[in-house]
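To be precise, the following lines are protein.txt, and they hold compact mmCIF, C-alpha atoms.
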```
# COMPACT_ATOMS: atom_id res chain seq x y z
CA MET K 1 -2.40 32.16 -88.96
CA SER K 2 -0.80 28.82 -88.08
CA ALA K 3 2.79 28.03 -89.10
CA ALA K 4 1.39 25.11 -91.17
CA ARG K 5 -0.84 27.47 -93.19
CA LEU K 6 2.05 29.89 -93.73
CA PHE K 7 4.17 26.96 -94.99
CA LEU K 8 1.38 25.86 -97.34
CA LEU K 9 0.89 29.40 -98.66
CA GLN K 10 4.61 29.88 -99.19
CA ARG K 11 4.99 26.60 -101.08
CA ALA K 12 1.90 27.29 -103.22
CA SER K 13 3.02 30.85 -104.02
CA ALA K 14 6.52 29.54 -104.83
CA ALA K 15 5.01 27.17 -107.40
CA VAL K 16 3.24 30.11 -109.05
CA LEU K 17 6.35 32.31 -108.91
CA ALA K 18 8.56 29.61 -110.46
CA VAL K 19 6.50 29.81 -113.65
CA ALA K 20 5.66 33.52 -113.45
CA VAL K 21 9.28 34.66 -113.04
CA LEU K 22 10.36 32.55 -116.03
CA VAL K 23 7.59 33.98 -118.23
CA HIS K 24 8.40 37.50 -117.01
CA LEU K 25 12.14 37.18 -117.70
CA ALA K 26 11.66 35.44 -121.06
CA THR K 27 9.28 38.19 -122.13
CA ILE K 28 11.72 40.94 -121.16
CA LEU K 29 14.61 39.23 -123.00
CA LEU K 30 12.55 38.63 -126.12
CA ALA K 31 11.14 42.15 -126.14
CA VAL K 32 14.55 43.77 -125.70
CA ARG K 33 16.27 41.57 -128.28
CA GLY K 34 13.56 42.46 -130.74
CA GLY K 35 14.51 46.12 -130.31
CA LEU K 36 11.15 47.27 -129.01
CA THR K 37 10.99 50.58 -127.16
CA ALA K 38 9.17 51.01 -123.85
CA GLY K 39 6.44 52.87 -125.67
CA GLU K 40 5.97 50.05 -128.17
CA ILE K 41 5.84 47.44 -125.37
CA LEU K 42 3.25 49.41 -123.44
CA GLY K 43 1.30 49.86 -126.68
CA ARG K 44 1.02 46.05 -126.90
CA THR K 45 0.20 45.41 -123.24
CA ALA K 46 -2.35 48.20 -122.92
CA GLY K 47 -5.86 46.83 -122.86
CA ASN K 48 -4.62 43.22 -122.93
CA LEU K 49 -6.58 41.28 -120.29
CA ALA K 50 -4.31 38.22 -120.50
CA TRP K 51 -1.24 40.26 -119.43
CA LEU K 52 -3.26 41.98 -116.72
CA ALA K 53 -4.41 38.60 -115.35
CA PHE K 54 -0.84 37.24 -115.51
CA TYR K 55 0.66 40.17 -113.62
CA LEU K 56 -2.16 40.24 -111.06
CA LEU K 57 -1.40 36.59 -110.26
CA PHE K 58 2.33 37.35 -110.17
CA VAL K 59 1.84 40.29 -107.79
CA VAL K 60 -0.45 38.38 -105.44
CA ALA K 61 1.97 35.42 -105.30
CA ALA K 62 4.94 37.71 -104.61
CA ALA K 63 3.02 39.60 -101.90
CA ILE K 64 2.27 36.28 -100.17
CA HIS K 65 5.68 34.67 -100.69
CA ALA K 66 8.14 37.41 -99.76
CA PRO K 67 6.79 38.41 -96.31
CA ILE K 68 6.57 34.77 -95.15
CA GLY K 69 10.17 34.14 -96.15
CA LEU K 70 11.33 37.45 -94.67
CA ARG K 71 9.52 36.57 -91.43
CA ALA K 72 11.45 33.30 -91.17
CA ILE K 73 14.76 35.11 -91.81
CA LEU K 74 14.00 37.83 -89.24
CA ARG K 75 13.00 35.22 -86.65
CA GLU K 76 16.16 33.24 -87.13
CA TRP K 77 18.79 35.91 -87.74
CA ALA K 78 17.45 39.03 -86.00
CA GLY K 79 15.58 37.28 -83.20
CA TRP K 80 12.49 39.38 -84.03
CA ARG K 81 9.54 37.21 -83.00
CA GLY K 82 6.02 37.64 -81.76
CA ARG K 83 3.14 39.85 -82.75
CA SER K 84 5.13 42.96 -83.67
CA CYS K 85 7.02 40.96 -86.32
CA ASP K 86 3.81 39.41 -87.66
CA VAL K 87 2.09 42.81 -87.91
CA ALA K 88 5.13 44.30 -89.65
CA MET K 89 5.12 41.43 -92.16
CA ALA K 90 1.37 41.87 -92.80
CA LEU K 91 2.04 45.55 -93.51
CA PHE K 92 4.94 44.59 -95.79
CA ALA K 93 2.60 42.22 -97.66
CA ALA K 94 0.05 45.03 -98.05
CA LEU K 95 2.77 47.37 -99.37
CA LEU K 96 3.98 44.82 -101.93
CA LEU K 97 0.41 44.18 -103.02
CA LEU K 98 -0.33 47.89 -103.37
CA LEU K 99 2.83 48.69 -105.34
CA GLY K 100 2.44 45.57 -107.49
CA LEU K 101 -1.20 46.14 -108.31
CA ARG K 102 -0.43 49.76 -109.22
CA ALA K 103 2.30 48.61 -111.60
CA ALA K 104 0.10 45.89 -113.15
CA TRP K 105 -2.67 48.39 -113.69
CA ALA K 106 -0.24 50.87 -115.24
CA VAL K 107 0.84 48.24 -117.77
CA TYR K 108 -2.79 47.52 -118.65
CA ALA K 109 -4.13 51.06 -118.68
CA ALA K 110 -1.11 52.79 -120.24
CA MET R 1 52.33 5.73 -84.92
CA SER R 2 54.07 8.02 -82.43
CA ASP R 3 54.31 6.98 -78.79
CA THR R 4 52.10 9.69 -77.38
CA LEU R 5 49.03 11.64 -78.31
CA SER R 6 48.66 15.35 -77.61
CA VAL R 7 45.20 15.89 -76.14
CA SER R 8 43.62 19.27 -75.45
CA VAL R 9 40.64 18.98 -73.10
CA HIS R 10 37.97 21.57 -72.32
CA ARG R 11 37.85 22.36 -68.59
CA GLY R 12 35.29 24.14 -66.47
CA THR R 13 32.20 25.70 -68.02
CA SER R 14 33.40 28.81 -69.82
CA GLY R 15 34.78 27.37 -73.05
CA ALA R 16 37.97 29.38 -72.48
CA ARG R 17 40.20 26.95 -70.59
CA PHE R 18 41.83 23.94 -72.24
CA ASP R 19 44.32 21.64 -70.49
CA ARG R 20 46.86 19.69 -72.51
CA PHE R 21 47.77 16.08 -71.74
CA GLU R 22 50.29 13.71 -73.29
CA VAL R 23 48.61 10.32 -73.45
CA PRO R 24 50.38 7.04 -74.35
CA ARG R 25 49.26 5.64 -77.72
CA LEU R 26 47.96 2.07 -77.77
CA PRO R 27 46.76 -0.08 -80.66
CA ALA R 28 42.99 0.07 -81.34
CA GLN R 29 42.66 2.81 -78.73
CA THR R 30 39.32 4.64 -78.63
CA VAL R 31 38.84 8.30 -77.72
CA LEU R 32 36.97 7.12 -74.61
CA ASP R 33 40.06 5.11 -73.64
CA VAL R 34 42.06 8.34 -73.91
CA VAL R 35 39.64 10.29 -71.69
CA THR R 36 39.59 7.46 -69.14
CA TRP R 37 43.41 7.37 -69.10
CA ILE R 38 43.55 11.12 -68.41
CA GLN R 39 41.03 10.83 -65.58
CA ARG R 40 42.71 7.83 -63.98
CA GLU R 41 46.37 8.62 -64.55
CA ALA R 42 46.75 12.37 -64.98
CA ASP R 43 43.88 14.38 -63.50
CA PRO R 44 41.19 12.72 -61.36
CA THR R 45 39.18 15.97 -61.30
CA LEU R 46 38.27 15.60 -64.98
CA ALA R 47 34.50 15.19 -65.39
CA TYR R 48 33.10 13.10 -68.27
CA ARG R 49 30.24 10.71 -68.78
CA PHE R 50 30.07 7.14 -70.06
CA ALA R 51 28.33 3.89 -69.24
CA CYS R 52 28.35 0.94 -71.64
CA ARG R 53 31.61 1.56 -73.60
CA VAL R 54 30.24 -0.42 -76.57
CA GLY R 55 27.92 1.95 -78.46
CA MET R 56 24.64 1.02 -76.84
CA CYS R 57 23.90 3.77 -74.32
CA GLY R 58 24.96 6.95 -76.14
CA SER R 59 26.13 8.69 -72.96
CA CYS R 60 29.78 9.25 -73.98
CA ALA R 61 29.02 11.66 -76.84
CA MET R 62 31.45 14.60 -77.04
CA THR R 63 32.90 16.96 -79.59
CA VAL R 64 36.05 15.33 -80.94
CA ASN R 65 38.23 17.56 -83.14
CA GLY R 66 35.18 19.70 -83.86
CA ARG R 67 32.77 16.87 -84.65
CA PRO R 68 30.14 15.40 -82.35
CA ARG R 69 30.69 11.66 -81.94
CA TRP R 70 30.44 8.70 -79.59
CA THR R 71 33.90 8.53 -78.05
CA CYS R 72 33.57 4.79 -77.35
CA ARG R 73 33.08 4.02 -81.05
CA THR R 74 35.71 6.42 -82.33
CA ARG R 75 39.20 5.03 -82.82
CA VAL R 76 41.99 7.51 -82.19
CA GLU R 77 43.55 6.77 -85.59
CA THR R 78 40.40 7.84 -87.45
CA ALA R 79 39.79 11.03 -85.44
CA ALA R 80 43.36 12.19 -84.87
CA ARG R 81 45.44 11.40 -87.93
CA ASP R 82 48.08 13.98 -86.95
CA GLY R 83 48.33 12.71 -83.35
CA ARG R 84 46.36 15.61 -81.87
CA LEU R 85 42.97 15.53 -80.20
CA THR R 86 40.77 18.37 -79.01
CA LEU R 87 37.95 17.25 -76.76
CA GLU R 88 34.99 19.48 -75.97
CA PRO R 89 31.51 18.90 -74.57
CA LEU R 90 28.55 18.56 -76.97
CA ARG R 91 27.50 21.85 -78.54
CA ASN R 92 24.07 23.49 -78.03
CA LEU R 93 23.63 22.24 -74.45
CA PRO R 94 24.55 23.84 -71.11
CA VAL R 95 27.93 22.64 -69.84
CA VAL R 96 27.92 21.17 -66.34
CA LYS R 97 31.70 20.76 -66.14
CA ASP R 98 34.60 19.83 -68.42
CA LEU R 99 33.11 17.33 -70.91
CA VAL R 100 29.68 16.88 -69.30
CA VAL R 101 26.57 18.63 -70.60
CA ASP R 102 23.13 18.92 -69.08
CA MET R 103 20.82 16.83 -71.29
CA ALA R 104 17.61 18.15 -69.64
CA PRO R 105 16.80 20.79 -72.30
CA PHE R 106 17.34 18.12 -74.99
CA PHE R 107 14.80 15.72 -73.51
CA ALA R 108 12.39 18.54 -72.58
CA LYS R 109 12.08 19.11 -76.32
CA TRP R 110 11.07 15.47 -76.89
CA VAL R 111 8.14 16.12 -74.55
CA LYS R 112 7.40 19.45 -76.27
CA ALA R 113 7.35 17.67 -79.66
CA GLU R 114 4.73 15.25 -78.23
CA GLY R 115 7.28 12.47 -78.53
CA VAL R 116 5.34 10.39 -76.04
CA PHE R 117 3.17 7.42 -76.98
CA THR R 118 -0.52 8.17 -76.35
CA PRO R 119 -2.66 5.04 -76.80
CA ARG R 120 -5.81 5.37 -78.92
CA ALA R 121 -9.00 5.11 -76.84
CA ASP R 122 -10.42 2.34 -79.08
CA LEU R 123 -7.42 0.00 -79.01
CA GLY R 124 -9.19 -2.69 -77.00
CA ALA R 125 -7.65 -5.24 -74.68
CA ASP R 126 -6.02 -7.44 -77.34
CA PHE R 127 -2.65 -6.79 -78.98
CA ALA R 128 -2.76 -4.34 -81.89
CA VAL R 129 -1.61 -6.05 -85.10
CA VAL R 130 0.87 -3.89 -87.03
CA PRO R 131 1.97 -5.59 -90.26
CA PRO R 132 5.77 -5.17 -90.50
CA ALA R 133 5.56 -4.51 -94.25
CA SER R 134 2.95 -1.74 -93.96
CA PRO R 135 4.27 1.63 -95.21
CA ALA R 136 3.68 3.35 -91.84
CA ARG R 137 5.54 0.62 -89.93
CA ALA R 138 8.40 0.73 -92.46
CA ALA R 139 8.67 4.51 -92.01
CA ALA R 140 8.71 4.15 -88.22
CA ASP R 141 11.29 1.32 -88.46
CA ALA R 142 13.66 3.56 -90.41
CA ALA R 143 13.73 6.11 -87.57
CA VAL R 144 13.02 4.15 -84.41
CA GLU R 145 16.53 3.04 -83.43
CA CYS R 146 17.46 6.44 -81.93
CA ILE R 147 19.00 6.09 -78.46
CA GLY R 148 18.93 9.80 -77.60
CA CYS R 149 22.69 10.49 -77.47
CA GLY R 150 22.34 14.11 -78.58
CA VAL R 151 24.95 13.93 -81.37
CA CYS R 152 22.48 15.20 -84.00
CA TYR R 153 21.31 17.99 -81.69
CA SER R 154 24.90 19.06 -81.21
CA ALA R 155 25.58 18.91 -84.96
CA CYS R 156 22.53 21.00 -85.88
CA ASP R 157 23.23 24.62 -86.87
CA VAL R 158 19.55 25.56 -86.66
CA VAL R 159 19.54 24.65 -82.94
CA ALA R 160 22.56 26.94 -82.52
CA TRP R 161 20.83 29.81 -84.32
CA GLN R 162 17.35 29.33 -82.89
CA PRO R 163 17.57 27.90 -79.36
CA GLY R 164 13.82 27.19 -79.25
CA TYR R 165 14.01 24.83 -82.27
CA LEU R 166 12.88 21.34 -81.26
CA GLY R 167 15.85 19.76 -83.04
CA PRO R 168 16.40 16.61 -85.08
CA ALA R 169 16.10 13.97 -82.35
CA ALA R 170 12.78 15.19 -80.92
CA LEU R 171 11.29 15.61 -84.40
CA ASN R 172 12.59 12.18 -85.43
CA ARG R 173 10.86 10.67 -82.39
CA SER R 174 7.62 12.47 -83.30
CA TRP R 175 7.85 11.05 -86.82
CA THR R 176 7.99 7.48 -85.48
CA LEU R 177 4.81 8.17 -83.49
CA VAL R 178 3.07 9.85 -86.44
CA ASN R 179 3.54 6.46 -88.10
CA ASP R 180 2.28 4.47 -85.10
CA VAL R 181 -1.25 3.30 -85.91
CA ARG R 182 -1.90 2.65 -82.20
CA ASP R 183 -1.30 6.28 -81.26
CA GLY R 184 -4.24 8.60 -80.56
CA GLY R 185 -2.37 11.85 -79.98
CA GLN R 186 -1.80 12.85 -83.61
CA VAL R 187 -3.67 16.18 -83.64
CA ALA R 188 -1.69 17.55 -80.69
CA ARG R 189 1.52 16.08 -82.11
CA LEU R 190 1.12 17.66 -85.55
CA ALA R 191 0.25 20.99 -83.91
CA ALA R 192 3.43 20.76 -81.82
CA VAL R 193 5.75 19.88 -84.69
CA ALA R 194 4.11 22.42 -87.03
CA SER R 195 4.91 25.35 -84.74
CA ASP R 196 7.53 27.94 -85.74
CA ALA R 197 10.03 26.02 -83.58
CA GLY R 198 9.16 22.76 -85.33
CA CYS R 199 9.81 20.98 -88.61
CA HIS R 200 9.48 24.10 -90.79
CA ALA R 201 12.53 25.66 -89.12
CA CYS R 202 14.75 22.85 -90.51
CA HIS R 203 17.08 23.98 -93.30
CA SER R 204 17.70 20.43 -94.54
CA HIS R 205 21.46 20.89 -94.13
CA GLY R 206 21.63 17.20 -93.27
CA SER R 207 24.23 17.66 -90.53
CA CYS R 208 22.17 15.44 -88.18
CA THR R 209 22.07 12.68 -90.76
CA GLN R 210 25.78 13.09 -91.50
CA HIS R 211 26.76 12.66 -87.85
CA CYS R 212 24.17 10.18 -86.51
CA PRO R 213 26.16 7.23 -85.10
CA LYS R 214 23.15 4.97 -85.75
CA ALA R 215 23.07 6.01 -89.43
CA LEU R 216 19.52 7.30 -89.07
CA SER R 217 18.20 10.18 -91.14
CA PRO R 218 16.40 12.76 -88.99
CA THR R 219 16.44 14.93 -92.14
CA ALA R 220 14.14 12.41 -93.86
CA SER R 221 11.95 12.19 -90.75
CA ILE R 222 11.58 15.98 -90.65
CA ALA R 223 10.70 15.99 -94.37
CA GLY R 224 8.07 13.35 -93.56
CA LEU R 225 6.67 15.59 -90.82
CA LYS R 226 6.48 18.49 -93.28
CA ARG R 227 4.42 16.30 -95.63
CA ALA R 228 2.16 15.12 -92.79
CA VAL R 229 1.61 18.72 -91.64
CA LEU R 230 0.93 19.83 -95.22
CA ARG R 231 -1.72 17.11 -95.62
CA ALA R 232 -3.31 18.16 -92.33
CA ALA R 233 -3.27 21.81 -93.42
CA LEU R 234 -4.97 20.89 -96.72
CA ARG R 235 -7.66 19.07 -94.71
CA GLY R 236 -8.02 22.20 -92.56
CA GLU R 237 -6.70 20.44 -89.46
CA ALA R 238 -3.48 22.39 -88.87
```
Please, can you express the file's structure as structure tokens?
Amino acid sequence: MSAARLFLLQRASAAVLAVAVLVHLATILLAVRGGLTAGEILGRTAGNLAWLAFYLLFVVAAAIHAPIGLRAILREWAGWRGRSCDVAMALFAALLLLLGLRAAWAVYAA
Amino acid sequence: MSDTLSVSVHRGTSGARFDRFEVPRLPAQTVLDVVTWIQREADPTLAYRFACRVGMCGSCAMTVNGRPRWTCRTRVETAARDGRLTLEPLRNLPVVKDLVVDMAPFFAKWVKAEGVFTPRADLGADFAVVPPASPARAAADAAVECIGCGVCYSACDVVAWQPGYLGPAALNRSWTLVNDVRDGGQVARLAAVASDAGCHACHSHGSCTQHCPKALSPTASIAGLKRAVLRAALRGEA
């Protein structure tokens, strides 16, 4: 993938994350302040398609955003360039996606 | 004002040896005057580079008390308030000797960034009319006065970290050509500046803009390139 596409994807995913992280943090703070237990929270998210859709979007954006940024850091500070770095970052993206999707599904199907 | 100035000058190529000279202070003395005095009166083996002495050619750029500057346009009283000067060659370029660097890698990057005018095939024989007030011409005007002295390149930390990075001057030159309606080499140019060594490597520290003796803003030019590349990527062209 060209550097221009990677830049575009990172900026677009950053725009999604800016909103998603705020919603995520606000929800956690509100839920905890309200004194809800983990069980009660999961009871509310289970079967809720809106939360599932939100977290799927969040996970996909994070899986795109983090490896592109990490790639830039590794190139600049560790001097790791070329195909081996790109393959490692693709695998890192797949790992984030897998772990994230598993977590999002757990919240929905609890 | 004390009578003499204590000047520490980089010698050789290693970065390890500095020679100290006591140079007579004169009113309105420039740092280039100081270097010339040392070479003529104290040590004729000192190597340095200059040509015009009046801020037109850009060849006398050096690191003065840690900052890259034109020595001909730097008064001693502004650079050395405590009466001490440390003179080193420009950073980020191979040192030839003493205060002279090899500018070849710097200009090679201008070529790599497609910083060369490529006339459009359909220009015709007549003069191309470029309205001075058009947005593209105004954008080119803001960046076009670069004389290639290498001060920004020396000031740039990203060049130091990532030696392949094209650097502020080459990217600034590309930006002027991106805004040249007569130019037909835009696809190759955007591909060159959109590479990993191109505009996206810039951290927007603004050190180039801070130090540019012509008061240009390569930072703004690089931001412009990022926008141009983004538009091309959205059109599927980059």
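With distances taken over all atoms listed in the file, R:Glu145 is the one residue among R:Glu145, R:Glu88, R:Glu114, R:Glu77 lying closest to Gly58 in chain R.
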**OP:** Kindly determine which residues of chain K lie within 9 Å of chain R, considering all atoms listed in the file, and give the answer as JSON, numbers by chain.
**Re:** {"K": [2, 3, 4, 5, 7, 8, 72, 75, 76, 77, 79]}
Write the residues of the preceding selection, restricted to C-alpha atoms, as a short mmCIF file (atom, residue, chain, number, x, y, z; two decimals), keeping the file's coordinate frame.
```cif
data_model
loop_
_atom_site.label_atom_id
_atom_site.label_comp_id
_atom_site.auth_asym_id
_atom_site.auth_seq_id
_atom_site.Cartn_x
_atom_site.Cartn_y
_atom_site.Cartn_z
CA SER K 2 -0.80 28.82 -88.08
CA ALA K 3 2.79 28.03 -89.10
CA ALA K 4 1.39 25.11 -91.17
CA ARG K 5 -0.84 27.47 -93.19
CA PHE K 7 4.17 26.96 -94.99
CA LEU K 8 1.38 25.86 -97.34
CA ALA K 72 11.45 33.30 -91.17
CA ARG K 75 13.00 35.22 -86.65
CA GLU K 76 16.16 33.24 -87.13
CA TRP K 77 18.79 35.91 -87.74
CA GLY K 79 15.58 37.28 -83.20
#
```
Give me, as a PDB file with C-alpha atoms, in the coordinates of the input, all polymer residues having an atom no more than 10 Å from Ala63 in chain K, counting all atoms listed in the file and skipping those fewer than 2 positions away in the same chain.
```pdb
ATOM      1  CA  SER K  13       3.020  30.850-104.020  1.00  0.00           C
ATOM      2  CA  LEU K  57      -1.400  36.590-110.260  1.00  0.00           C
ATOM      3  CA  PHE K  58       2.330  37.350-110.170  1.00  0.00           C
ATOM      4  CA  VAL K  59       1.840  40.290-107.790  1.00  0.00           C
ATOM      5  CA  VAL K  60      -0.450  38.380-105.440  1.00  0.00           C
ATOM      6  CA  ALA K  61       1.970  35.420-105.300  1.00  0.00           C
ATOM      7  CA  HIS K  65       5.680  34.670-100.690  1.00  0.00           C
ATOM      8  CA  ALA K  66       8.140  37.410 -99.760  1.00  0.00           C
ATOM      9  CA  PRO K  67       6.790  38.410 -96.310  1.00  0.00           C
ATOM     10  CA  ILE K  68       6.570  34.770 -95.150  1.00  0.00           C
ATOM     11  CA  ALA K  90       1.370  41.870 -92.800  1.00  0.00           C
ATOM     12  CA  PHE K  92       4.940  44.590 -95.790  1.00  0.00           C
ATOM     13  CA  ALA K  93       2.600  42.220 -97.660  1.00  0.00           C
ATOM     14  CA  ALA K  94       0.050  45.030 -98.050  1.00  0.00           C
ATOM     15  CA  LEU K  95       2.770  47.370 -99.370  1.00  0.00           C
ATOM     16  CA  LEU K  96       3.980  44.820-101.930  1.00  0.00           C
ATOM     17  CA  LEU K  97       0.410  44.180-103.020  1.00  0.00           C
ATOM     18  CA  LEU K  98      -0.330  47.890-103.370  1.00  0.00           C
ATOM     19  CA  LEU K  99       2.830  48.690-105.340  1.00  0.00           C
ATOM     20  CA  GLY K 100       2.440  45.570-107.490  1.00  0.00           C
TER      21      GLY K 100
END
```
**OP:** Would you list the residues near (3.0, 34.5, -111.8) (no more than 9 Å away, in the coordinates of the file, using only C-alpha atoms) as number ranges by chain?
**Re:** K: 13, 15-24, 54-62
Subject >> Near-Arg81 in chain R list (12 Å; only C-alpha atoms; drop same-chain fewer than 6 positions) as a list in words >> reply: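 That gives Met1, Ser2, Leu5, Ser6, Asn65 and Arg75 of chain R.
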Subject >> Polymer residues at most 12 Å from Pro213 in chain R, all atoms listed in the file, same-chain spacing of 5 or more positions, as a PyMOL selection string >> reply: chain R and resi 55-58+60-61+67-74+145-152+155+207-208+218
Original post:
Nearest to Leu93 in chain R among R:Gly167, R:Ala42, R:Thr78, R:Ala138, with distances taken over all atoms listed in the file: which residue is it?
Top reply: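 Ranked by minimum distance to Leu93 in chain R, first place goes to R:Gly167.
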**OP:** For CA of Ala47 in chain R and CA of Leu85 in chain R, quote the distance in Å rounded to one decimal.
**Re:** 17.1 Å
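The space between CA of Arg53 in chain R and CA of Val159 in chain R spans 27.7 Å.
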Original post:
Counting only C-alpha atoms, which of R:Pro131, R:Gly185, R:Gly15, R:Pro24 gets nearest to Leu90 in chain R?
Top reply: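 Answer, going by the shortest atom-to-atom distance: R:Gly15.
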Subject >> Length of the CA of Pro89 in chain R to CA of Thr63 in chain R vector [Å] >> reply: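 Between CA of Pro89 in chain R and CA of Thr63 in chain R the gap works out to 5.6 Å.
Closest approach to Arg182 in chain R among R:Thr118, R:Asn92, R:Thr4, R:Thr13: R:Thr118, based on all atoms listed in the file.
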**OP:** Go ahead and find all residues with at least one atom no further than 12 Å from (46.7, 14.5, -66.3) in the file's coordinates, using all atoms listed in the file; report them as a PyMOL selection string.
**Re:** chain R and resi 6-9+19-24+34-46
Original post:
In terms of the shortest atom-to-atom distance over all atoms listed in the file, which of K:Ile73, K:Leu25, K:Ala88, K:Val107 is closest to Gly43 in chain K?
Top reply: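 Closest to Gly43 in chain K of all the choices is K:Val107.
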Please list as a CSV table (one decimal) with C-alpha atoms, keeping the file's coordinate frame every residue within 7 Å of Leu216 in chain R, counting only C-alpha atoms and excluding residues in the same chain fewer than 4 positions away.
```
chain,number,residue,atom,x,y,z
R,143,ALA,CA,13.7,6.1,-87.6
R,209,THR,CA,22.1,12.7,-90.8
R,212,CYS,CA,24.2,10.2,-86.5
```
**OP:** Identify, on the basis of all atoms listed in the file, every residue whose closest approach to Ala106 in chain K does not exceed 12 Å; exclude the query and any residue fewer than 3 positions from it along the same chain; express the result as a ChimeraX atom specification.
**Re:** /K:42-43,45-48,51-52,55-56,99-103,109-110
C-alpha atoms of the current selection, written as an mmCIF file, keeping the file's coordinate frame:
```cif
data_model
loop_
_atom_site.group_PDB
_atom_site.id
_atom_site.type_symbol
_atom_site.label_atom_id
_atom_site.label_comp_id
_atom_site.auth_asym_id
_atom_site.auth_seq_id
_atom_site.Cartn_x
_atom_site.Cartn_y
_atom_site.Cartn_z
ATOM 1 C CA LEU K 42 3.250 49.410 -123.440
ATOM 2 C CA GLY K 43 1.300 49.860 -126.680
ATOM 3 C CA THR K 45 0.200 45.410 -123.240
ATOM 4 C CA ALA K 46 -2.350 48.200 -122.920
ATOM 5 C CA GLY K 47 -5.860 46.830 -122.860
ATOM 6 C CA ASN K 48 -4.620 43.220 -122.930
ATOM 7 C CA TRP K 51 -1.240 40.260 -119.430
ATOM 8 C CA LEU K 52 -3.260 41.980 -116.720
ATOM 9 C CA TYR K 55 0.660 40.170 -113.620
ATOM 10 C CA LEU K 56 -2.160 40.240 -111.060
ATOM 11 C CA LEU K 99 2.830 48.690 -105.340
ATOM 12 C CA GLY K 100 2.440 45.570 -107.490
ATOM 13 C CA LEU K 101 -1.200 46.140 -108.310
ATOM 14 C CA ARG K 102 -0.430 49.760 -109.220
ATOM 15 C CA ALA K 103 2.300 48.610 -111.600
ATOM 16 C CA ALA K 109 -4.130 51.060 -118.680
ATOM 17 C CA ALA K 110 -1.110 52.790 -120.240
#
```
